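Visitor: Got a file for you: run35.txt, compact mmCIF, N, CA and C atoms.
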```txt
# COMPACT_ATOMS: atom_id res chain seq x y z
N MET U 107 -17.88 -20.98 56.93
CA MET U 107 -18.25 -21.83 58.05
C MET U 107 -17.47 -21.41 59.29
N LYS U 108 -18.07 -21.65 60.44
CA LYS U 108 -17.40 -21.36 61.70
C LYS U 108 -16.26 -22.34 61.91
N GLN U 109 -15.31 -21.95 62.71
CA GLN U 109 -14.17 -22.82 63.02
C GLN U 109 -14.61 -24.07 63.77
N THR U 110 -15.76 -24.06 64.40
CA THR U 110 -16.27 -25.21 65.16
C THR U 110 -17.18 -26.11 64.30
N ALA U 111 -17.37 -25.74 63.05
CA ALA U 111 -18.30 -26.48 62.18
C ALA U 111 -17.70 -27.77 61.64
N PHE U 112 -18.58 -28.76 61.46
CA PHE U 112 -18.24 -30.01 60.80
C PHE U 112 -19.04 -30.08 59.50
N LEU U 113 -18.36 -30.37 58.42
CA LEU U 113 -19.02 -30.53 57.13
C LEU U 113 -19.32 -32.00 56.91
N ILE U 114 -20.53 -32.31 56.52
CA ILE U 114 -20.92 -33.68 56.21
C ILE U 114 -21.41 -33.68 54.77
N ASN U 115 -20.75 -34.47 53.92
CA ASN U 115 -21.14 -34.54 52.51
C ASN U 115 -21.51 -35.96 52.14
N VAL U 116 -22.80 -36.16 51.86
CA VAL U 116 -23.30 -37.44 51.36
C VAL U 116 -23.98 -37.23 50.00
N ALA U 117 -23.74 -36.08 49.39
CA ALA U 117 -24.38 -35.73 48.12
C ALA U 117 -23.47 -36.08 46.95
N ARG U 118 -22.74 -35.14 46.48
CA ARG U 118 -21.76 -35.30 45.40
C ARG U 118 -20.50 -34.56 45.82
N ALA U 119 -19.35 -35.15 45.60
CA ALA U 119 -18.09 -34.53 46.01
C ALA U 119 -17.90 -33.18 45.33
N GLU U 120 -18.27 -33.10 44.07
CA GLU U 120 -17.99 -31.91 43.27
C GLU U 120 -18.72 -30.65 43.74
N ILE U 121 -19.70 -30.79 44.64
CA ILE U 121 -20.37 -29.58 45.12
C ILE U 121 -19.47 -28.79 46.06
N ILE U 122 -18.37 -29.40 46.49
CA ILE U 122 -17.40 -28.74 47.36
C ILE U 122 -16.04 -28.78 46.69
N ASP U 123 -15.40 -27.66 46.59
CA ASP U 123 -14.08 -27.57 45.97
C ASP U 123 -13.09 -28.41 46.77
N GLU U 124 -12.49 -29.40 46.12
CA GLU U 124 -11.59 -30.34 46.80
C GLU U 124 -10.41 -29.65 47.46
N ASP U 125 -9.73 -28.79 46.74
CA ASP U 125 -8.56 -28.10 47.30
C ASP U 125 -8.94 -27.20 48.47
N ALA U 126 -10.04 -26.45 48.32
CA ALA U 126 -10.48 -25.54 49.38
C ALA U 126 -10.86 -26.33 50.64
N LEU U 127 -11.54 -27.46 50.47
CA LEU U 127 -11.92 -28.27 51.62
C LEU U 127 -10.69 -28.83 52.32
N TYR U 128 -9.77 -29.36 51.54
CA TYR U 128 -8.57 -29.92 52.14
C TYR U 128 -7.81 -28.85 52.93
N GLU U 129 -7.62 -27.70 52.33
CA GLU U 129 -6.89 -26.62 53.01
C GLU U 129 -7.61 -26.17 54.28
N ALA U 130 -8.93 -26.06 54.24
CA ALA U 130 -9.69 -25.65 55.43
C ALA U 130 -9.53 -26.68 56.55
N LEU U 131 -9.54 -27.95 56.18
CA LEU U 131 -9.36 -29.00 57.19
C LEU U 131 -7.93 -29.05 57.72
N ALA U 132 -6.97 -28.94 56.83
CA ALA U 132 -5.56 -28.99 57.23
C ALA U 132 -5.19 -27.80 58.12
N ARG U 133 -5.73 -26.63 57.83
CA ARG U 133 -5.45 -25.43 58.62
C ARG U 133 -6.35 -25.33 59.86
N ARG U 134 -7.31 -26.27 59.96
CA ARG U 134 -8.29 -26.25 61.05
C ARG U 134 -9.17 -25.00 61.01
N SER U 135 -9.41 -24.50 59.79
CA SER U 135 -10.36 -23.39 59.62
C SER U 135 -11.77 -23.87 59.92
N ILE U 136 -12.01 -25.18 59.75
CA ILE U 136 -13.23 -25.82 60.20
C ILE U 136 -12.81 -27.01 61.06
N ALA U 137 -13.71 -27.44 61.93
CA ALA U 137 -13.34 -28.48 62.90
C ALA U 137 -13.11 -29.85 62.27
N GLY U 138 -13.90 -30.18 61.25
CA GLY U 138 -13.73 -31.50 60.65
C GLY U 138 -14.73 -31.76 59.56
N ALA U 139 -14.64 -32.97 59.01
CA ALA U 139 -15.55 -33.36 57.94
C ALA U 139 -15.80 -34.85 57.98
N ALA U 140 -17.01 -35.23 57.58
CA ALA U 140 -17.37 -36.63 57.36
C ALA U 140 -17.71 -36.72 55.87
N LEU U 141 -16.96 -37.55 55.16
CA LEU U 141 -17.09 -37.63 53.70
C LEU U 141 -17.49 -39.03 53.29
N ASP U 142 -18.59 -39.12 52.55
CA ASP U 142 -19.08 -40.40 52.04
C ASP U 142 -19.05 -40.43 50.52
N VAL U 143 -18.69 -39.35 49.90
CA VAL U 143 -18.63 -39.27 48.44
C VAL U 143 -17.25 -38.78 48.04
N TRP U 144 -16.82 -39.14 46.83
CA TRP U 144 -15.44 -38.92 46.47
C TRP U 144 -15.26 -38.27 45.12
N TYR U 145 -14.09 -37.74 44.92
CA TYR U 145 -13.74 -37.03 43.70
C TYR U 145 -13.26 -37.99 42.61
N ARG U 146 -12.79 -39.16 43.01
CA ARG U 146 -12.29 -40.15 42.05
C ARG U 146 -12.82 -41.52 42.44
N TYR U 147 -13.27 -42.27 41.44
CA TYR U 147 -13.76 -43.62 41.66
C TYR U 147 -12.95 -44.58 40.79
N PRO U 148 -12.81 -45.83 41.22
CA PRO U 148 -12.05 -46.80 40.41
C PRO U 148 -12.68 -46.97 39.03
N ARG U 149 -11.83 -47.02 38.02
CA ARG U 149 -12.29 -47.25 36.66
C ARG U 149 -11.80 -48.60 36.14
N GLU U 150 -10.88 -49.20 36.91
CA GLU U 150 -10.34 -50.51 36.55
C GLU U 150 -9.87 -51.19 37.83
N ALA U 151 -9.51 -52.44 37.73
CA ALA U 151 -9.05 -53.19 38.90
C ALA U 151 -7.82 -52.53 39.51
N GLY U 152 -7.72 -52.63 40.81
CA GLY U 152 -6.56 -52.06 41.51
C GLY U 152 -6.98 -50.92 42.42
N SER U 153 -6.02 -50.37 43.09
CA SER U 153 -6.26 -49.33 44.07
C SER U 153 -6.41 -47.97 43.40
N THR U 154 -7.40 -47.20 43.84
CA THR U 154 -7.61 -45.84 43.36
C THR U 154 -7.81 -44.94 44.57
N ALA U 155 -7.01 -43.92 44.68
CA ALA U 155 -7.20 -42.96 45.77
C ALA U 155 -8.51 -42.22 45.53
N PRO U 156 -9.29 -41.97 46.58
CA PRO U 156 -10.59 -41.33 46.41
C PRO U 156 -10.54 -39.83 46.10
N ALA U 157 -9.37 -39.25 46.22
CA ALA U 157 -9.21 -37.82 45.97
C ALA U 157 -7.76 -37.56 45.56
N THR U 158 -7.53 -36.38 45.01
CA THR U 158 -6.15 -36.03 44.67
C THR U 158 -5.40 -35.50 45.90
N ARG U 159 -6.14 -35.09 46.91
CA ARG U 159 -5.54 -34.60 48.15
C ARG U 159 -5.62 -35.71 49.22
N PRO U 160 -4.66 -35.78 50.12
CA PRO U 160 -4.62 -36.86 51.12
C PRO U 160 -5.52 -36.62 52.34
N PHE U 161 -6.82 -36.61 52.12
CA PHE U 161 -7.77 -36.43 53.22
C PHE U 161 -7.56 -37.48 54.31
N HIS U 162 -7.17 -38.68 53.91
CA HIS U 162 -7.01 -39.79 54.87
C HIS U 162 -5.89 -39.53 55.88
N GLU U 163 -5.02 -38.59 55.62
CA GLU U 163 -3.94 -38.28 56.55
C GLU U 163 -4.35 -37.26 57.61
N LEU U 164 -5.51 -36.67 57.45
CA LEU U 164 -5.97 -35.64 58.39
C LEU U 164 -6.72 -36.28 59.56
N PRO U 165 -6.39 -35.91 60.78
CA PRO U 165 -7.04 -36.52 61.94
C PRO U 165 -8.49 -36.06 62.14
N ASN U 166 -8.89 -35.00 61.47
CA ASN U 166 -10.23 -34.45 61.66
C ASN U 166 -11.18 -34.81 60.51
N VAL U 167 -10.88 -35.91 59.81
CA VAL U 167 -11.72 -36.36 58.70
C VAL U 167 -12.15 -37.80 58.95
N LEU U 168 -13.45 -38.03 58.82
CA LEU U 168 -14.02 -39.37 58.86
C LEU U 168 -14.40 -39.72 57.43
N MET U 169 -13.85 -40.80 56.91
CA MET U 169 -14.12 -41.22 55.54
C MET U 169 -14.90 -42.53 55.56
N THR U 170 -15.95 -42.60 54.77
CA THR U 170 -16.71 -43.83 54.64
C THR U 170 -16.82 -44.19 53.16
N PRO U 171 -16.93 -45.48 52.86
CA PRO U 171 -17.05 -45.88 51.46
C PRO U 171 -18.44 -45.56 50.94
N HIS U 172 -18.51 -44.97 49.79
CA HIS U 172 -19.79 -44.63 49.18
C HIS U 172 -20.30 -45.88 48.47
N VAL U 173 -21.23 -46.57 49.09
CA VAL U 173 -21.72 -47.84 48.53
C VAL U 173 -23.23 -47.81 48.39
N SER U 174 -23.73 -46.77 47.77
CA SER U 174 -25.16 -46.71 47.53
C SER U 174 -25.50 -47.50 46.27
N GLY U 175 -26.76 -47.65 46.04
CA GLY U 175 -27.19 -48.39 44.86
C GLY U 175 -27.91 -49.65 45.26
N TRP U 176 -28.59 -50.25 44.33
CA TRP U 176 -29.38 -51.44 44.62
C TRP U 176 -29.29 -52.39 43.44
N THR U 177 -28.76 -53.56 43.67
CA THR U 177 -28.67 -54.58 42.63
C THR U 177 -29.05 -55.93 43.24
N ASP U 178 -29.30 -56.89 42.38
CA ASP U 178 -29.57 -58.24 42.87
C ASP U 178 -28.36 -58.74 43.66
N GLY U 179 -28.61 -59.24 44.83
CA GLY U 179 -27.53 -59.79 45.65
C GLY U 179 -26.78 -58.77 46.49
N MET U 180 -27.14 -57.49 46.39
CA MET U 180 -26.40 -56.44 47.09
C MET U 180 -26.42 -56.62 48.61
N ILE U 181 -27.59 -56.88 49.18
CA ILE U 181 -27.70 -57.02 50.63
C ILE U 181 -26.83 -58.18 51.12
N GLU U 182 -26.90 -59.30 50.43
CA GLU U 182 -26.10 -60.46 50.82
C GLU U 182 -24.61 -60.17 50.70
N ALA U 183 -24.21 -59.51 49.62
CA ALA U 183 -22.79 -59.18 49.41
C ALA U 183 -22.29 -58.23 50.50
N ARG U 184 -23.08 -57.23 50.85
CA ARG U 184 -22.68 -56.29 51.90
C ARG U 184 -22.59 -56.99 53.25
N ALA U 185 -23.56 -57.84 53.54
CA ALA U 185 -23.54 -58.56 54.81
C ALA U 185 -22.29 -59.43 54.92
N LYS U 186 -21.93 -60.10 53.84
CA LYS U 186 -20.73 -60.93 53.84
C LYS U 186 -19.48 -60.09 54.04
N LEU U 187 -19.41 -58.93 53.39
CA LEU U 187 -18.26 -58.04 53.54
C LEU U 187 -18.15 -57.53 54.98
N ILE U 188 -19.27 -57.11 55.54
CA ILE U 188 -19.26 -56.62 56.92
C ILE U 188 -18.83 -57.73 57.88
N ALA U 189 -19.38 -58.92 57.70
CA ALA U 189 -19.01 -60.05 58.57
C ALA U 189 -17.52 -60.37 58.43
N GLU U 190 -17.02 -60.36 57.22
CA GLU U 190 -15.59 -60.65 57.00
C GLU U 190 -14.72 -59.59 57.66
N ASN U 191 -15.11 -58.33 57.57
CA ASN U 191 -14.32 -57.28 58.20
C ASN U 191 -14.37 -57.36 59.71
N ILE U 192 -15.51 -57.74 60.27
CA ILE U 192 -15.58 -57.95 61.73
C ILE U 192 -14.64 -59.08 62.13
N ARG U 193 -14.64 -60.16 61.35
CA ARG U 193 -13.74 -61.27 61.64
C ARG U 193 -12.29 -60.82 61.55
N ARG U 194 -11.95 -60.08 60.49
CA ARG U 194 -10.57 -59.64 60.30
C ARG U 194 -10.12 -58.73 61.44
N ILE U 195 -10.94 -57.78 61.80
CA ILE U 195 -10.56 -56.85 62.87
C ILE U 195 -10.39 -57.59 64.19
N SER U 196 -11.29 -58.53 64.48
CA SER U 196 -11.19 -59.28 65.74
C SER U 196 -9.95 -60.16 65.79
N CYS U 197 -9.41 -60.53 64.62
CA CYS U 197 -8.18 -61.33 64.56
C CYS U 197 -6.93 -60.48 64.38
N GLY U 198 -7.10 -59.15 64.41
CA GLY U 198 -5.96 -58.26 64.24
C GLY U 198 -5.50 -58.11 62.80
N GLU U 199 -6.35 -58.50 61.85
CA GLU U 199 -6.02 -58.39 60.43
C GLU U 199 -6.55 -57.08 59.86
N THR U 200 -6.02 -56.69 58.72
CA THR U 200 -6.47 -55.48 58.04
C THR U 200 -7.82 -55.72 57.39
N PRO U 201 -8.79 -54.81 57.59
CA PRO U 201 -10.08 -55.00 56.94
C PRO U 201 -9.99 -54.80 55.43
N LEU U 202 -10.92 -55.41 54.72
CA LEU U 202 -10.99 -55.23 53.28
C LEU U 202 -11.43 -53.81 52.95
N ASN U 203 -11.02 -53.31 51.81
CA ASN U 203 -11.42 -51.99 51.31
C ASN U 203 -10.99 -50.84 52.22
N LEU U 204 -9.90 -51.02 52.93
CA LEU U 204 -9.40 -49.97 53.81
C LEU U 204 -8.84 -48.82 52.98
N VAL U 205 -9.26 -47.61 53.29
CA VAL U 205 -8.72 -46.43 52.63
C VAL U 205 -7.55 -45.93 53.44
N ARG U 206 -6.40 -45.83 52.82
CA ARG U 206 -5.19 -45.37 53.52
C ARG U 206 -4.79 -44.01 53.05
```
Let me see whether you can do it: turn the structure in this file into structure tokens.
Guide:
Amino acid sequence: MKQTAFLINVARAEIIDEDALYEALARRSIAGAALDVWYRYPREAGSTAPATRPFHELPNVLMTPHVSGWTDGMIEARAKLIAENIRRISCGETPLNLVR
């Protein structure tokens, strides 16, 4: 990829080598990345880092939660979460599900 390129992955994390992507971003071999899919997902209650590498510390990475799928009540649950996060941000509170 060119040094000015941005990688956008909304497919599967595993199609891109995690270590190679992190190194390319950290060294600025590519301009940046938008990542919506992850190398690790929670398997039990509690916090789970989405990758083994600290992508969240890089200023040239946009991370979004991968919340695809369709279940009963999904639209209502997402709307409530979005509304709660808007309320939290407007009050100076930390949003729910923040990736650090």
Visitor: Chain U: which residues are alpha helix (DSSP H) by DSSP, as a list of chain:residue names?
Guide: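 Secondary structure check on chain U, alpha helix (DSSP H): U:Glu124, U:Asp125, U:Ala126, U:Leu127, U:Tyr128, U:Glu129, U:Ala130, U:Leu131, U:Ala132, U:Met180, U:Ile181, U:Glu182, U:Ala183, U:Arg184, U:Ala185, U:Lys186, U:Leu187, U:Ile188, U:Ala189, U:Glu190, U:Asn191, U:Ile192, U:Arg193, U:Arg194, U:Ile195, U:Ser196.
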Visitor: Using N, CA and C atoms, can you export the residues from the last selection as a PDB file, keeping the file's coordinate frame?
Guide:
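Saved as out-v9.pdb:
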```pdb
ATOM      1  N   GLU U 124     -12.490 -29.400  46.120  1.00  0.00           N
ATOM      2  CA  GLU U 124     -11.590 -30.340  46.800  1.00  0.00           C
ATOM      3  C   GLU U 124     -10.410 -29.650  47.460  1.00  0.00           C
ATOM      4  N   ASP U 125      -9.730 -28.790  46.740  1.00  0.00           N
ATOM      5  CA  ASP U 125      -8.560 -28.100  47.300  1.00  0.00           C
ATOM      6  C   ASP U 125      -8.940 -27.200  48.470  1.00  0.00           C
ATOM      7  N   ALA U 126     -10.040 -26.450  48.320  1.00  0.00           N
ATOM      8  CA  ALA U 126     -10.480 -25.540  49.380  1.00  0.00           C
ATOM      9  C   ALA U 126     -10.860 -26.330  50.640  1.00  0.00           C
ATOM     10  N   LEU U 127     -11.540 -27.460  50.470  1.00  0.00           N
ATOM     11  CA  LEU U 127     -11.920 -28.270  51.620  1.00  0.00           C
ATOM     12  C   LEU U 127     -10.690 -28.830  52.320  1.00  0.00           C
ATOM     13  N   TYR U 128      -9.770 -29.360  51.540  1.00  0.00           N
ATOM     14  CA  TYR U 128      -8.570 -29.920  52.140  1.00  0.00           C
ATOM     15  C   TYR U 128      -7.810 -28.850  52.930  1.00  0.00           C
ATOM     16  N   GLU U 129      -7.620 -27.700  52.330  1.00  0.00           N
ATOM     17  CA  GLU U 129      -6.890 -26.620  53.010  1.00  0.00           C
ATOM     18  C   GLU U 129      -7.610 -26.170  54.280  1.00  0.00           C
ATOM     19  N   ALA U 130      -8.930 -26.060  54.240  1.00  0.00           N
ATOM     20  CA  ALA U 130      -9.690 -25.650  55.430  1.00  0.00           C
ATOM     21  C   ALA U 130      -9.530 -26.680  56.550  1.00  0.00           C
ATOM     22  N   LEU U 131      -9.540 -27.950  56.180  1.00  0.00           N
ATOM     23  CA  LEU U 131      -9.360 -29.000  57.190  1.00  0.00           C
ATOM     24  C   LEU U 131      -7.930 -29.050  57.720  1.00  0.00           C
ATOM     25  N   ALA U 132      -6.970 -28.940  56.830  1.00  0.00           N
ATOM     26  CA  ALA U 132      -5.560 -28.990  57.230  1.00  0.00           C
ATOM     27  C   ALA U 132      -5.190 -27.800  58.120  1.00  0.00           C
ATOM     28  N   MET U 180     -27.140 -57.490  46.390  1.00  0.00           N
ATOM     29  CA  MET U 180     -26.400 -56.440  47.090  1.00  0.00           C
ATOM     30  C   MET U 180     -26.420 -56.620  48.610  1.00  0.00           C
ATOM     31  N   ILE U 181     -27.590 -56.880  49.180  1.00  0.00           N
ATOM     32  CA  ILE U 181     -27.700 -57.020  50.630  1.00  0.00           C
ATOM     33  C   ILE U 181     -26.830 -58.180  51.120  1.00  0.00           C
ATOM     34  N   GLU U 182     -26.900 -59.300  50.430  1.00  0.00           N
ATOM     35  CA  GLU U 182     -26.100 -60.460  50.820  1.00  0.00           C
ATOM     36  C   GLU U 182     -24.610 -60.170  50.700  1.00  0.00           C
ATOM     37  N   ALA U 183     -24.210 -59.510  49.620  1.00  0.00           N
ATOM     38  CA  ALA U 183     -22.790 -59.180  49.410  1.00  0.00           C
ATOM     39  C   ALA U 183     -22.290 -58.230  50.500  1.00  0.00           C
ATOM     40  N   ARG U 184     -23.080 -57.230  50.850  1.00  0.00           N
ATOM     41  CA  ARG U 184     -22.680 -56.290  51.900  1.00  0.00           C
ATOM     42  C   ARG U 184     -22.590 -56.990  53.250  1.00  0.00           C
ATOM     43  N   ALA U 185     -23.560 -57.840  53.540  1.00  0.00           N
ATOM     44  CA  ALA U 185     -23.540 -58.560  54.810  1.00  0.00           C
ATOM     45  C   ALA U 185     -22.290 -59.430  54.920  1.00  0.00           C
ATOM     46  N   LYS U 186     -21.930 -60.100  53.840  1.00  0.00           N
ATOM     47  CA  LYS U 186     -20.730 -60.930  53.840  1.00  0.00           C
ATOM     48  C   LYS U 186     -19.480 -60.090  54.040  1.00  0.00           C
ATOM     49  N   LEU U 187     -19.410 -58.930  53.390  1.00  0.00           N
ATOM     50  CA  LEU U 187     -18.260 -58.040  53.540  1.00  0.00           C
ATOM     51  C   LEU U 187     -18.150 -57.530  54.980  1.00  0.00           C
ATOM     52  N   ILE U 188     -19.270 -57.110  55.540  1.00  0.00           N
ATOM     53  CA  ILE U 188     -19.260 -56.620  56.920  1.00  0.00           C
ATOM     54  C   ILE U 188     -18.830 -57.730  57.880  1.00  0.00           C
ATOM     55  N   ALA U 189     -19.380 -58.920  57.700  1.00  0.00           N
ATOM     56  CA  ALA U 189     -19.010 -60.050  58.570  1.00  0.00           C
ATOM     57  C   ALA U 189     -17.520 -60.370  58.430  1.00  0.00           C
ATOM     58  N   GLU U 190     -17.020 -60.360  57.220  1.00  0.00           N
ATOM     59  CA  GLU U 190     -15.590 -60.650  57.000  1.00  0.00           C
ATOM     60  C   GLU U 190     -14.720 -59.590  57.660  1.00  0.00           C
ATOM     61  N   ASN U 191     -15.110 -58.330  57.570  1.00  0.00           N
ATOM     62  CA  ASN U 191     -14.320 -57.280  58.200  1.00  0.00           C
ATOM     63  C   ASN U 191     -14.370 -57.360  59.710  1.00  0.00           C
ATOM     64  N   ILE U 192     -15.510 -57.740  60.270  1.00  0.00           N
ATOM     65  CA  ILE U 192     -15.580 -57.950  61.730  1.00  0.00           C
ATOM     66  C   ILE U 192     -14.640 -59.080  62.130  1.00  0.00           C
ATOM     67  N   ARG U 193     -14.640 -60.160  61.350  1.00  0.00           N
ATOM     68  CA  ARG U 193     -13.740 -61.270  61.640  1.00  0.00           C
ATOM     69  C   ARG U 193     -12.290 -60.820  61.550  1.00  0.00           C
ATOM     70  N   ARG U 194     -11.950 -60.080  60.490  1.00  0.00           N
ATOM     71  CA  ARG U 194     -10.570 -59.640  60.300  1.00  0.00           C
ATOM     72  C   ARG U 194     -10.120 -58.730  61.440  1.00  0.00           C
ATOM     73  N   ILE U 195     -10.940 -57.780  61.800  1.00  0.00           N
ATOM     74  CA  ILE U 195     -10.560 -56.850  62.870  1.00  0.00           C
ATOM     75  C   ILE U 195     -10.390 -57.590  64.190  1.00  0.00           C
ATOM     76  N   SER U 196     -11.290 -58.530  64.480  1.00  0.00           N
ATOM     77  CA  SER U 196     -11.190 -59.280  65.740  1.00  0.00           C
ATOM     78  C   SER U 196      -9.950 -60.160  65.790  1.00  0.00           C
TER      79      SER U 196
END
```
Visitor: I need the residue nearest Leu168 of chain U from this list: U:Leu202, U:Leu141, U:Ile114, U:Leu131. Use only N, CA and C atoms for the distance.
Guide: U:Leu141
Visitor: What's the 6.5 Å shell around Thr110 of chain U, counting all atoms listed in the file, without same-chain residues fewer than 5 positions away, as a VMD selection string?
Guide: chain U and resid 135 to 138
Visitor: Between atom C of Ala157 of chain U and atom C of Ala132 of chain U, what distance in Å does the model show, to one decimal?
Guide: 16.1 Å
Visitor: Just to confirm, what's the straight-line distance from atom CA of Met169 of chain U to atom CA of Lys186 of chain U in Å (one decimal)?
Guide: 20.9 Å
Visitor: Using only C-alpha atoms, pick whichever of U:Glu120, U:Glu190, U:Asp178, U:Glu129 has the shortest atom-to-atom distance to Arg159 of chain U.
Guide: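 Under the stated criterion, the closest residue is U:Glu129.
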Visitor: In Å, with one decimal, what is the gap from atom CA of Gly198 of chain U to atom CA of Pro165 of chain U?
Guide: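 Answer for the atom CA of Gly198 of chain U to atom CA of Pro165 of chain U separation: 21.9 Å.
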Visitor: Take the point (-20.4, -37.1, 47.6) as written in the file and pick out every residue within 6.5 Å of it, counting all atoms listed in the file; give the list as a list in words.
Guide: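 All residues meeting the 6.5 Å criterion around (-20.4, -37.1, 47.6) are Asn115, Val116, Ala117, Arg118, Ala119, Glu120, Asp142, Val143 and Trp144 of chain U.
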Visitor: Have a look at U:Thr177, U:Thr154, U:Thr200, U:Asn166 and name the one nearest to Leu127 of chain U; count only C-alpha atoms.
Guide: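 Using only C-alpha atoms, the shortest distance to Leu127 of chain U belongs to U:Asn166.
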Visitor: Taking the DSSP assignment computed from this structure's backbone, write out as a list in words all residues of chain U that belong to strand (DSSP E).
Guide: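 Of chain U, the ones in strand (DSSP E) are Phe112, Leu113, Ile114, Asn115, Gly138, Ala139, Ala140, Leu141, Val167, Leu168 and Met169 of chain U.
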Visitor: Since we have the selection now, will you write its residues out, keeping N, CA and C atoms, as a PDB file, in the coordinates of the input?
Guide:
```pdb
ATOM      1  N   PHE U 112     -18.580 -28.760  61.460  1.00  0.00           N
ATOM      2  CA  PHE U 112     -18.240 -30.010  60.800  1.00  0.00           C
ATOM      3  C   PHE U 112     -19.040 -30.080  59.500  1.00  0.00           C
ATOM      4  N   LEU U 113     -18.360 -30.370  58.420  1.00  0.00           N
ATOM      5  CA  LEU U 113     -19.020 -30.530  57.130  1.00  0.00           C
ATOM      6  C   LEU U 113     -19.320 -32.000  56.910  1.00  0.00           C
ATOM      7  N   ILE U 114     -20.530 -32.310  56.520  1.00  0.00           N
ATOM      8  CA  ILE U 114     -20.920 -33.680  56.210  1.00  0.00           C
ATOM      9  C   ILE U 114     -21.410 -33.680  54.770  1.00  0.00           C
ATOM     10  N   ASN U 115     -20.750 -34.470  53.920  1.00  0.00           N
ATOM     11  CA  ASN U 115     -21.140 -34.540  52.510  1.00  0.00           C
ATOM     12  C   ASN U 115     -21.510 -35.960  52.140  1.00  0.00           C
ATOM     13  N   GLY U 138     -13.900 -30.180  61.250  1.00  0.00           N
ATOM     14  CA  GLY U 138     -13.730 -31.500  60.650  1.00  0.00           C
ATOM     15  C   GLY U 138     -14.730 -31.760  59.560  1.00  0.00           C
ATOM     16  N   ALA U 139     -14.640 -32.970  59.010  1.00  0.00           N
ATOM     17  CA  ALA U 139     -15.550 -33.360  57.940  1.00  0.00           C
ATOM     18  C   ALA U 139     -15.800 -34.850  57.980  1.00  0.00           C
ATOM     19  N   ALA U 140     -17.010 -35.230  57.580  1.00  0.00           N
ATOM     20  CA  ALA U 140     -17.370 -36.630  57.360  1.00  0.00           C
ATOM     21  C   ALA U 140     -17.710 -36.720  55.870  1.00  0.00           C
ATOM     22  N   LEU U 141     -16.960 -37.550  55.160  1.00  0.00           N
ATOM     23  CA  LEU U 141     -17.090 -37.630  53.700  1.00  0.00           C
ATOM     24  C   LEU U 141     -17.490 -39.030  53.290  1.00  0.00           C
ATOM     25  N   VAL U 167     -10.880 -35.910  59.810  1.00  0.00           N
ATOM     26  CA  VAL U 167     -11.720 -36.360  58.700  1.00  0.00           C
ATOM     27  C   VAL U 167     -12.150 -37.800  58.950  1.00  0.00           C
ATOM     28  N   LEU U 168     -13.450 -38.030  58.820  1.00  0.00           N
ATOM     29  CA  LEU U 168     -14.020 -39.370  58.860  1.00  0.00           C
ATOM     30  C   LEU U 168     -14.400 -39.720  57.430  1.00  0.00           C
ATOM     31  N   MET U 169     -13.850 -40.800  56.910  1.00  0.00           N
ATOM     32  CA  MET U 169     -14.120 -41.220  55.540  1.00  0.00           C
ATOM     33  C   MET U 169     -14.900 -42.530  55.560  1.00  0.00           C
TER      34      MET U 169
END
```
Visitor: Using all atoms listed in the file, pick whichever of U:Ala140, U:Ala189, U:Asp123, U:Arg194 has the shortest atom-to-atom distance to Thr170 of chain U.
Guide: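 Selected residue with least distance to Thr170 of chain U: U:Ala140.
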Visitor: From the options U:Gly179, U:Ala130, U:Asn203, U:Val167, which residue's atoms come nearest to Asn191 of chain U, counting only C-alpha atoms?
Guide: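 For Asn191 of chain U, the nearest of the candidates is U:Asn203.
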Visitor: Which of these, U:Ala139, U:Pro160, U:Arg133, U:Asp125, has the shortest distance to Leu113 of chain U once you count only N, CA and C atoms?
Guide: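 Of U:Ala139, U:Pro160, U:Arg133, U:Asp125, the one nearest Leu113 of chain U is U:Ala139, counting only N, CA and C atoms.
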Visitor: Kindly reconstruct segment 137-144 of chain U with N, CA, C and O atoms and present the result as a PDB file, in the coordinates of the input.
Guide:
```pdb
ATOM      1  N   ALA U 137     -13.710 -27.440  61.930  1.00  0.00           N
ATOM      2  CA  ALA U 137     -13.340 -28.480  62.900  1.00  0.00           C
ATOM      3  C   ALA U 137     -13.110 -29.850  62.270  1.00  0.00           C
ATOM      4  O   ALA U 137     -12.235 -30.596  62.696  1.00  0.00           O
ATOM      5  N   GLY U 138     -13.900 -30.180  61.250  1.00  0.00           N
ATOM      6  CA  GLY U 138     -13.730 -31.500  60.650  1.00  0.00           C
ATOM      7  C   GLY U 138     -14.730 -31.760  59.560  1.00  0.00           C
ATOM      8  O   GLY U 138     -15.554 -30.902  59.219  1.00  0.00           O
ATOM      9  N   ALA U 139     -14.640 -32.970  59.010  1.00  0.00           N
ATOM     10  CA  ALA U 139     -15.550 -33.360  57.940  1.00  0.00           C
ATOM     11  C   ALA U 139     -15.800 -34.850  57.980  1.00  0.00           C
ATOM     12  O   ALA U 139     -14.928 -35.637  58.361  1.00  0.00           O
ATOM     13  N   ALA U 140     -17.010 -35.230  57.580  1.00  0.00           N
ATOM     14  CA  ALA U 140     -17.370 -36.630  57.360  1.00  0.00           C
ATOM     15  C   ALA U 140     -17.710 -36.720  55.870  1.00  0.00           C
ATOM     16  O   ALA U 140     -18.601 -36.031  55.382  1.00  0.00           O
ATOM     17  N   LEU U 141     -16.960 -37.550  55.160  1.00  0.00           N
ATOM     18  CA  LEU U 141     -17.090 -37.630  53.700  1.00  0.00           C
ATOM     19  C   LEU U 141     -17.490 -39.030  53.290  1.00  0.00           C
ATOM     20  O   LEU U 141     -16.814 -39.996  53.599  1.00  0.00           O
ATOM     21  N   ASP U 142     -18.590 -39.120  52.550  1.00  0.00           N
ATOM     22  CA  ASP U 142     -19.080 -40.400  52.040  1.00  0.00           C
ATOM     23  C   ASP U 142     -19.050 -40.430  50.520  1.00  0.00           C
ATOM     24  O   ASP U 142     -19.375 -41.440  49.919  1.00  0.00           O
ATOM     25  N   VAL U 143     -18.690 -39.350  49.900  1.00  0.00           N
ATOM     26  CA  VAL U 143     -18.630 -39.270  48.440  1.00  0.00           C
ATOM     27  C   VAL U 143     -17.250 -38.780  48.040  1.00  0.00           C
ATOM     28  O   VAL U 143     -16.580 -38.080  48.795  1.00  0.00           O
ATOM     29  N   TRP U 144     -16.820 -39.140  46.830  1.00  0.00           N
ATOM     30  CA  TRP U 144     -15.440 -38.920  46.470  1.00  0.00           C
ATOM     31  C   TRP U 144     -15.260 -38.270  45.120  1.00  0.00           C
ATOM     32  O   TRP U 144     -16.161 -38.253  44.285  1.00  0.00           O
TER      33      TRP U 144
END
```
